[in-house]
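S.K.: Structure: query.txt, compact mmCIF, C-alpha atoms and all ligand atoms.
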```
# COMPACT_ATOMS: atom_id res chain seq x y z
CA MET H 5 -186.02 220.02 58.43
CA GLY H 6 -186.10 223.79 58.00
CA GLU H 7 -188.27 225.47 60.61
CA ILE H 8 -190.34 222.51 61.63
CA ASP H 9 -190.25 221.70 65.28
CA GLU H 10 -188.71 218.30 65.88
CA SER H 11 -191.38 217.44 68.40
CA PHE H 12 -193.75 216.67 65.48
CA ILE H 13 -191.56 213.95 63.96
CA GLN H 14 -192.83 210.41 64.44
CA SER H 15 -190.38 207.55 64.92
CA ILE H 16 -189.92 205.51 61.74
CA GLU H 17 -192.29 202.68 62.69
CA HIS H 18 -195.15 205.09 63.39
CA ARG H 19 -194.92 207.23 60.27
CA PRO H 20 -197.87 207.04 57.91
CA LYS H 21 -197.71 204.58 55.03
CA SER H 22 -197.30 206.25 51.65
CA ILE H 23 -200.29 204.37 50.29
CA SER H 24 -203.32 204.04 52.50
CA VAL H 25 -205.54 201.02 52.01
CA GLU H 26 -209.23 201.67 52.18
CA ALA H 27 -210.89 198.84 54.08
CA GLU H 28 -213.95 197.28 52.57
CA GLY H 29 -217.05 196.36 54.44
CA ILE H 30 -216.93 199.01 57.17
CA PRO H 31 -220.37 198.66 58.73
CA VAL H 32 -222.89 201.32 57.76
CA ILE H 33 -225.84 201.25 60.11
CA ASP H 34 -229.14 202.83 59.13
CA LEU H 35 -230.68 204.05 62.36
CA SER H 36 -234.08 204.53 60.75
CA ALA H 37 -234.33 200.77 60.11
CA LEU H 38 -237.69 199.51 61.21
CA ASN H 39 -236.58 196.17 62.60
CA SER H 40 -235.02 197.06 65.91
CA GLN H 41 -233.79 193.53 66.64
CA ASP H 42 -231.90 193.59 63.38
CA LEU H 43 -230.38 196.92 64.35
CA VAL H 44 -229.16 195.50 67.66
CA VAL H 45 -227.53 192.55 65.87
CA GLN H 46 -225.82 194.92 63.41
CA VAL H 47 -224.47 197.09 66.22
CA GLY H 48 -223.26 194.03 68.15
CA ASP H 49 -221.46 192.61 65.11
CA ALA H 50 -219.88 195.97 64.31
CA CYS H 51 -218.61 196.36 67.89
CA LYS H 52 -217.24 192.83 68.01
CA ASN H 53 -215.62 192.77 64.60
CA TRP H 54 -214.65 196.39 63.95
CA GLY H 55 -215.01 198.62 66.98
CA PHE H 56 -216.40 201.41 64.90
CA PHE H 57 -219.15 201.97 62.38
CA GLN H 58 -220.79 204.69 60.36
CA VAL H 59 -224.36 205.69 61.10
CA ILE H 60 -226.79 207.12 58.56
CA ASN H 61 -230.30 208.51 58.99
CA HIS H 62 -229.39 209.52 62.54
CA TRP H 63 -231.70 212.52 62.94
CA VAL H 64 -228.95 215.04 63.66
CA PRO H 65 -230.19 218.00 61.56
CA SER H 66 -227.71 218.83 58.81
CA SER H 67 -228.36 222.54 59.37
CA CYS H 68 -227.07 222.15 62.93
CA ARG H 69 -223.96 220.33 61.76
CA GLU H 70 -223.29 222.91 59.02
CA LYS H 71 -223.63 225.75 61.51
CA VAL H 72 -221.01 224.30 63.86
CA GLU H 73 -218.65 223.51 60.98
CA LEU H 74 -218.82 227.08 59.71
CA ALA H 75 -218.29 228.43 63.21
CA SER H 76 -215.31 226.11 63.69
CA ARG H 77 -213.69 227.18 60.42
CA ALA H 78 -214.23 230.86 61.26
CA PHE H 79 -212.71 230.43 64.71
CA PHE H 80 -209.58 228.58 63.55
CA ARG H 81 -209.02 230.99 60.64
CA GLN H 82 -208.23 233.77 63.10
CA PRO H 83 -204.65 234.72 64.01
CA SER H 84 -203.08 232.82 66.90
CA GLU H 85 -203.27 235.85 69.24
CA GLU H 86 -207.06 235.80 68.99
CA LYS H 87 -207.35 232.06 69.57
CA ARG H 88 -204.97 232.22 72.50
CA LYS H 89 -207.40 234.49 74.33
CA VAL H 90 -209.37 231.33 75.11
CA ARG H 91 -206.35 229.09 75.57
CA ARG H 92 -206.61 226.03 77.78
CA ASP H 93 -204.18 225.95 80.72
CA GLU H 94 -203.42 224.00 83.87
CA ALA H 95 -206.37 225.59 85.68
CA ASN H 96 -208.92 225.19 82.89
CA PRO H 97 -208.60 222.18 80.57
CA MET H 98 -211.27 223.54 78.18
CA GLY H 99 -210.61 226.00 75.35
CA PHE H 100 -208.09 226.40 72.52
CA TYR H 101 -204.95 224.28 72.42
CA ASP H 102 -202.32 223.57 69.78
CA THR H 103 -199.57 221.69 71.55
CA GLU H 104 -201.16 218.36 72.35
CA HIS H 105 -198.84 215.36 72.41
CA THR H 106 -200.03 211.81 71.81
CA LYS H 107 -197.56 209.14 72.94
CA ASN H 108 -195.07 211.95 73.52
CA VAL H 109 -195.04 213.20 69.92
CA ARG H 110 -196.70 216.49 69.07
CA ASP H 111 -199.91 216.31 67.02
CA TRP H 112 -200.23 218.41 63.84
CA LYS H 113 -203.53 219.96 64.87
CA GLN H 114 -205.34 222.69 66.76
CA VAL H 115 -208.31 221.97 68.99
CA PHE H 116 -211.07 223.75 70.82
CA ASP H 117 -212.69 221.78 73.67
CA PHE H 118 -215.88 222.42 75.62
CA THR H 119 -217.82 220.31 78.09
CA VAL H 120 -221.40 219.32 77.47
CA GLU H 121 -222.50 220.11 81.02
CA ASN H 122 -221.48 223.61 81.99
CA PRO H 123 -220.07 223.52 84.62
CA THR H 124 -218.74 219.94 84.81
CA VAL H 125 -217.58 218.44 88.10
CA VAL H 126 -214.27 216.53 88.07
CA PRO H 127 -211.59 215.58 90.64
CA ALA H 128 -209.36 218.52 91.58
CA SER H 129 -206.24 216.36 91.23
CA HIS H 130 -205.18 212.94 90.01
CA GLU H 131 -203.92 211.97 93.48
CA PRO H 132 -205.92 208.85 94.43
CA ASP H 133 -206.48 209.96 98.05
CA ASP H 134 -207.44 213.56 97.30
CA PRO H 135 -211.27 213.76 97.54
CA GLU H 136 -211.43 217.40 96.43
CA LEU H 137 -213.56 218.24 93.40
CA GLN H 138 -213.48 221.18 91.02
CA GLU H 139 -215.88 222.72 88.52
CA ILE H 140 -214.79 223.19 84.93
CA VAL H 141 -216.39 226.18 83.22
CA ASN H 142 -216.28 226.59 79.45
CA GLN H 143 -214.44 229.51 77.85
CA TRP H 144 -216.13 230.97 74.78
CA PRO H 145 -214.48 233.16 72.12
CA GLY H 146 -216.15 236.39 71.00
CA TYR H 147 -215.71 235.45 67.33
CA PRO H 148 -217.62 234.24 65.42
CA PRO H 149 -220.55 235.69 67.33
CA ASN H 150 -222.72 232.57 67.08
CA PHE H 151 -219.90 230.21 68.09
CA ARG H 152 -221.26 229.29 71.51
CA GLU H 153 -224.80 228.82 70.28
CA ALA H 154 -223.68 226.64 67.35
CA CYS H 155 -221.53 224.48 69.65
CA GLU H 156 -224.17 224.05 72.35
CA GLU H 157 -226.96 223.19 69.92
CA TYR H 158 -224.84 220.65 68.11
CA ALA H 159 -223.68 219.04 71.37
CA ARG H 160 -227.29 218.53 72.50
CA GLU H 161 -228.13 216.79 69.21
CA ILE H 162 -225.09 214.52 69.37
CA GLU H 163 -225.82 213.73 73.00
CA LYS H 164 -229.22 212.33 71.94
CA LEU H 165 -227.53 210.21 69.30
CA ALA H 166 -224.92 209.01 71.82
CA TYR H 167 -227.67 207.81 74.19
CA LYS H 168 -229.36 206.00 71.33
CA LEU H 169 -226.10 204.23 70.43
CA LEU H 170 -225.43 203.42 74.07
CA GLU H 171 -228.82 201.77 74.33
CA LEU H 172 -228.21 199.72 71.20
CA ILE H 173 -224.83 198.62 72.56
CA SER H 174 -226.38 197.65 75.87
CA LEU H 175 -229.06 195.57 74.11
CA SER H 176 -226.39 193.96 71.95
CA LEU H 177 -224.65 192.77 75.12
CA GLY H 178 -227.90 191.15 76.23
CA LEU H 179 -228.53 193.85 78.86
CA PRO H 180 -231.52 196.14 79.38
CA ALA H 181 -231.47 199.15 77.02
CA GLU H 182 -230.94 201.67 79.81
CA LYS H 183 -228.37 199.66 81.76
CA PHE H 184 -225.62 202.26 81.31
CA ASN H 185 -227.69 205.44 81.33
CA GLY H 186 -227.36 206.06 85.08
CA PHE H 187 -223.58 206.31 84.79
CA PHE H 188 -224.00 209.42 82.65
CA LYS H 189 -225.91 211.52 85.13
CA ASN H 190 -223.52 214.43 85.72
CA GLN H 191 -221.54 213.26 82.71
CA THR H 192 -218.01 214.49 82.01
CA SER H 193 -218.53 214.39 78.24
CA PHE H 194 -216.81 216.95 76.09
CA MET H 195 -216.80 217.97 72.49
CA ARG H 196 -213.70 218.87 70.48
CA LEU H 197 -213.40 220.92 67.33
CA ASN H 198 -210.32 219.62 65.49
CA SER H 199 -208.51 221.56 62.79
CA TYR H 200 -205.66 219.82 60.97
CA PRO H 201 -203.75 222.49 59.03
CA ILE H 202 -201.95 221.82 55.77
CA CYS H 203 -198.73 220.03 56.62
CA PRO H 204 -195.44 220.37 54.71
CA ILE H 205 -194.16 217.04 56.11
CA PRO H 206 -197.18 214.70 55.99
CA HIS H 207 -194.90 211.66 55.65
CA LEU H 208 -193.20 212.41 58.98
CA ALA H 209 -195.99 213.75 61.20
CA LEU H 210 -199.51 212.78 62.26
CA GLY H 211 -202.60 214.84 63.00
CA VAL H 212 -203.16 212.61 66.01
CA GLY H 213 -200.78 209.80 66.91
CA ARG H 214 -202.08 206.26 67.48
CA HIS H 215 -204.28 206.05 70.57
CA LYS H 216 -207.46 204.62 72.00
CA ASP H 217 -210.13 207.04 73.16
CA SER H 218 -210.50 206.59 76.88
CA GLY H 219 -214.17 207.47 77.21
CA ALA H 220 -217.37 205.60 76.68
CA LEU H 221 -218.27 206.20 73.09
CA THR H 222 -216.94 208.66 70.57
CA VAL H 223 -219.34 210.06 68.00
CA LEU H 224 -217.27 211.65 65.24
CA ALA H 225 -218.25 213.96 62.39
CA GLN H 226 -215.64 214.58 59.72
CA ASP H 227 -215.42 216.51 56.48
CA ASP H 228 -214.58 214.95 53.10
CA VAL H 229 -210.78 215.31 53.35
CA GLY H 230 -210.08 211.94 54.95
CA GLY H 231 -207.16 210.82 57.10
CA LEU H 232 -208.69 208.82 59.93
CA GLU H 233 -207.02 205.40 60.12
CA VAL H 234 -208.47 202.72 62.36
CA LYS H 235 -206.94 199.45 63.42
CA ARG H 236 -209.73 197.02 62.81
CA LYS H 237 -211.66 195.47 65.70
CA SER H 238 -213.60 196.64 68.70
CA ASP H 239 -215.12 199.48 70.71
CA GLU H 240 -214.20 202.10 73.27
CA GLU H 241 -212.39 201.53 76.49
CA TRP H 242 -215.02 201.50 79.14
CA VAL H 243 -217.12 199.21 77.01
CA GLN H 244 -214.07 197.01 76.85
CA VAL H 245 -213.84 196.87 80.63
CA TRP H 246 -217.56 196.70 81.30
CA SER H 247 -218.02 193.98 78.69
CA ASN H 248 -215.00 192.11 80.09
CA ASP H 249 -213.22 192.24 76.72
CA LYS H 250 -216.25 191.10 74.72
CA TYR H 251 -215.94 194.39 72.88
CA GLU H 252 -212.33 195.53 72.75
CA SER H 253 -210.98 199.03 72.32
CA VAL H 254 -209.83 200.18 68.90
CA GLU H 255 -206.59 202.00 68.15
CA HIS H 256 -206.72 204.81 65.63
CA ARG H 257 -204.74 207.79 64.34
CA VAL H 258 -205.08 210.68 61.91
CA THR H 259 -202.84 211.40 58.94
CA VAL H 260 -202.43 214.89 57.48
CA ASN H 261 -201.71 216.10 53.97
CA SER H 262 -200.03 218.92 52.14
CA GLU H 263 -203.04 220.03 50.10
CA ARG H 264 -206.13 220.54 52.24
CA GLU H 265 -206.75 221.31 55.86
CA ARG H 266 -209.18 218.94 57.55
CA PHE H 267 -211.87 219.48 60.19
CA SER H 268 -213.50 216.95 62.46
CA ILE H 269 -215.70 217.08 65.54
CA PRO H 270 -215.57 214.20 68.03
CA PHE H 271 -218.00 214.01 70.93
CA PHE H 272 -216.45 212.08 73.82
CA PHE H 273 -219.31 210.54 75.75
CA ASN H 274 -217.97 210.08 79.27
CA PRO H 275 -219.59 208.93 82.52
CA SER H 276 -219.76 210.89 85.76
CA HIS H 277 -216.46 211.37 87.60
CA ASN H 278 -217.55 209.14 90.49
CA VAL H 279 -218.34 206.07 88.39
CA MET H 280 -216.24 203.00 89.14
CA VAL H 281 -215.57 201.22 85.87
CA GLU H 282 -215.45 197.44 86.24
CA PRO H 283 -216.66 194.35 84.37
CA LEU H 284 -220.42 194.03 84.74
CA LYS H 285 -221.56 191.15 86.96
CA GLU H 286 -224.00 190.09 84.24
CA LEU H 287 -221.11 189.53 81.85
CA THR H 288 -218.78 187.59 84.15
CA THR H 289 -219.04 183.98 85.29
CA LYS H 290 -216.86 181.49 87.17
CA GLN H 291 -215.51 180.34 83.83
CA ASN H 292 -215.11 183.90 82.57
CA PRO H 293 -214.10 185.89 85.66
CA ALA H 294 -213.53 189.66 85.69
CA ARG H 295 -210.39 190.59 83.80
CA TYR H 296 -210.08 194.12 85.24
CA LYS H 297 -209.86 195.69 88.67
CA PRO H 298 -212.38 198.50 89.25
CA TYR H 299 -211.09 202.01 88.54
CA ASN H 300 -212.50 205.43 89.20
CA TRP H 301 -213.35 207.21 85.96
CA GLY H 302 -212.66 210.74 87.26
CA LYS H 303 -209.18 209.90 88.56
CA PHE H 304 -208.35 207.92 85.44
CA HIS H 305 -209.35 210.76 83.16
CA THR H 306 -207.59 213.42 85.24
CA THR H 307 -204.37 211.38 85.27
CA ARG H 308 -204.58 210.94 81.53
CA ASN H 309 -205.07 214.64 80.97
CA ILE H 310 -202.09 215.55 83.06
CA SER H 311 -199.79 213.31 81.11
CA ASN H 312 -201.26 214.65 77.87
CA PHE H 313 -200.39 218.09 78.98
CA LYS H 314 -196.65 217.89 79.05
CA LYS H 315 -194.22 215.90 77.12
CA LEU H 316 -193.41 213.25 79.69
CA ASN H 317 -191.06 210.38 79.33
CA VAL H 318 -193.49 207.87 80.79
CA GLU H 319 -196.37 206.03 79.22
CA ASN H 320 -199.81 207.53 79.67
CA ILE H 321 -202.21 205.64 81.93
CA GLN H 322 -204.03 202.91 79.98
CA ILE H 323 -206.81 200.48 80.83
CA TYR H 324 -204.52 197.50 80.60
CA HIS H 325 -202.84 198.80 83.76
CA PHE H 326 -206.00 197.60 85.55
CA ARG H 327 -205.88 194.10 84.13
CA ILE H 328 -205.98 191.33 86.70
O1 LIG L 1 -210.10 213.66 63.61
C1 LIG L 1 -210.42 212.49 63.67
O2 LIG L 1 -210.89 211.89 62.69
C2 LIG L 1 -210.26 211.68 64.94
C3 LIG L 1 -209.72 212.45 66.09
C4 LIG L 1 -209.44 211.60 67.27
O3 LIG L 1 -209.18 210.43 67.17
C5 LIG L 1 -209.51 212.19 68.62
O4 LIG L 1 -209.59 213.44 68.72
O5 LIG L 1 -209.48 211.42 69.60
FE FE L 2 -209.48 209.41 69.06
```
Produce structure tokens that represent the structure in this file.
M.R.:
Amino acid sequence: MGEIDESFIQSIEHRPKSISVEAEGIPVIDLSALNSQDLVVQVGDACKNWGFFQVINHWVPSSCREKVELASRAFFRQPSEEKRKVRRDEANPMGFYDTEHTKNVRDWKQVFDFTVENPTVVPASHEPDDPELQEIVNQWPGYPPNFREACEEYAREIEKLAYKLLELISLSLGLPAEKFNGFFKNQTSFMRLNSYPICPIPHLALGVGRHKDSGALTVLAQDDVGGLEVKRKSDEEWVQVWSNDKYESVEHRVTVNSERERFSIPFFFNPSHNVMVEPLKELTTKQNPARYKPYNWGKFHTTRNISNFKKLNVENIQIYHFRI
């Protein structure tokens, strides 16, 4: 194994397949389509049958996206000592980080996280009875000089797109367009710049191990390198709970390669910390009762972050733990 840290090595059943199969028919949704009812049907079908879809004509200016990509590349290209100046730690979960573990195996990646609201209010601890709150404040590197501006501008654009998608999802569930919007006042959303360096052992490691994103919606931009693998079917976790399993959560992972580094930028659209996530009354009946107990988003997310932080020998908290 030479000098490669063993913590990166996936167990045999989770290693990437040598040949990846490109799925056909992944929904591509044109957001500029004039027939809005048709758009809602397309989003509903995509959520039910796939759990993810590509959007085109989404109004996010390409100049804004290019600016953040260049800033991201410039930041990650720096030596580790520079990046570590804005390292995330136990006190501040935002910033640079290169030792994330997914399902207890280390990911072959480096990240830089920042919250969309600055500051963002979250629970001070994962302890269920601890009411204390804390403010998370973003850390910004000095290089490249326009890094903060590029990140903040891009986040605002993606936030608009996320609201648009949320409204389409709500309509597709037969609910009013703005049904979910209130949950996002004082949102805990954050954006992540991902860098997946060239990997000498791409058959043994993963950029991100299999997982389900725990937030509301993830809006992801990626470059042309490829590597995202999605298990077909469904949507994100809170939609799964709120829709009472009508839209399920989708598992995905990222493979790496030995030729090109890859960059991606997910936006994790998350509700306010005090939101209780539970199946919506409108979507439950006597015949189809609630399948989940209510859970507090802030505590759920904080617990998940703690177990992400260290290599623990226990399973991370998952929504199925709240199944009735
Ligand atoms: O890089 C990607 O394509 C996806 C990353 C991802 O799944 C995540 O950060 O949760
Ligand atoms: Fe993910």
S.K.: From the options H:Asp111, H:Glu163, H:Asp34, H:Glu86, which residue's atoms come nearest to ligand LIG 1 (chain L), counting only C-alpha atoms and all ligand atoms?
M.R.: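 Counting only C-alpha atoms and all ligand atoms, the residue closest to ligand LIG 1 (chain L) is H:Asp111.
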S.K.: Which protein, DNA or RNA residues have an atom at most 12 Å from (-203.9, 205.0, 71.4), counting only C-alpha atoms? List them as a ChimeraX atom specification.
M.R.: /H:18,105-108,212-218,233-235,240-241,253-258,308,312,319-324
S.K.: How many Å lie between CA of Gly29 (chain H) and CA of Val59 (chain H), rounded to one decimal?
M.R.: 13.6 Å
S.K.: Using all atoms listed in the file, determine which residues lie at most 10 Å from Lys285 (chain H), disregarding the query and same-chain residues fewer than 2 positions distant; provide the list as a list of chain:residue names.
M.R.: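 Once the adjacent positions are removed, what remains is H:Trp246, H:Ser247, H:Asn248, H:Glu282, H:Pro283, H:Leu287, H:Thr288, H:Thr289, H:Pro293, H:Ala294.
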S.K.: Just the residues within 10 Å of Phe267 (chain H), please, counting only C-alpha atoms, with nothing from its chain fewer than 4 positions along; format it as a short mmCIF file (atom, residue, chain, number, x, y, z; two decimals) with C-alpha atoms, in the frame of the given file.
M.R.:
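For reference, around33.cif as written:
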```cif
data_model
loop_
_atom_site.label_atom_id
_atom_site.label_comp_id
_atom_site.auth_asym_id
_atom_site.auth_seq_id
_atom_site.Cartn_x
_atom_site.Cartn_y
_atom_site.Cartn_z
CA GLU H 73 -218.65 223.51 60.98
CA SER H 76 -215.31 226.11 63.69
CA ARG H 77 -213.69 227.18 60.42
CA PHE H 80 -209.58 228.58 63.55
CA LYS H 113 -203.53 219.96 64.87
CA GLN H 114 -205.34 222.69 66.76
CA VAL H 115 -208.31 221.97 68.99
CA LEU H 197 -213.40 220.92 67.33
CA ASN H 198 -210.32 219.62 65.49
CA SER H 199 -208.51 221.56 62.79
CA TYR H 200 -205.66 219.82 60.97
CA PRO H 201 -203.75 222.49 59.03
CA ALA H 225 -218.25 213.96 62.39
CA GLN H 226 -215.64 214.58 59.72
CA ASP H 227 -215.42 216.51 56.48
CA ASP H 228 -214.58 214.95 53.10
CA VAL H 229 -210.78 215.31 53.35
CA GLY H 230 -210.08 211.94 54.95
#
```
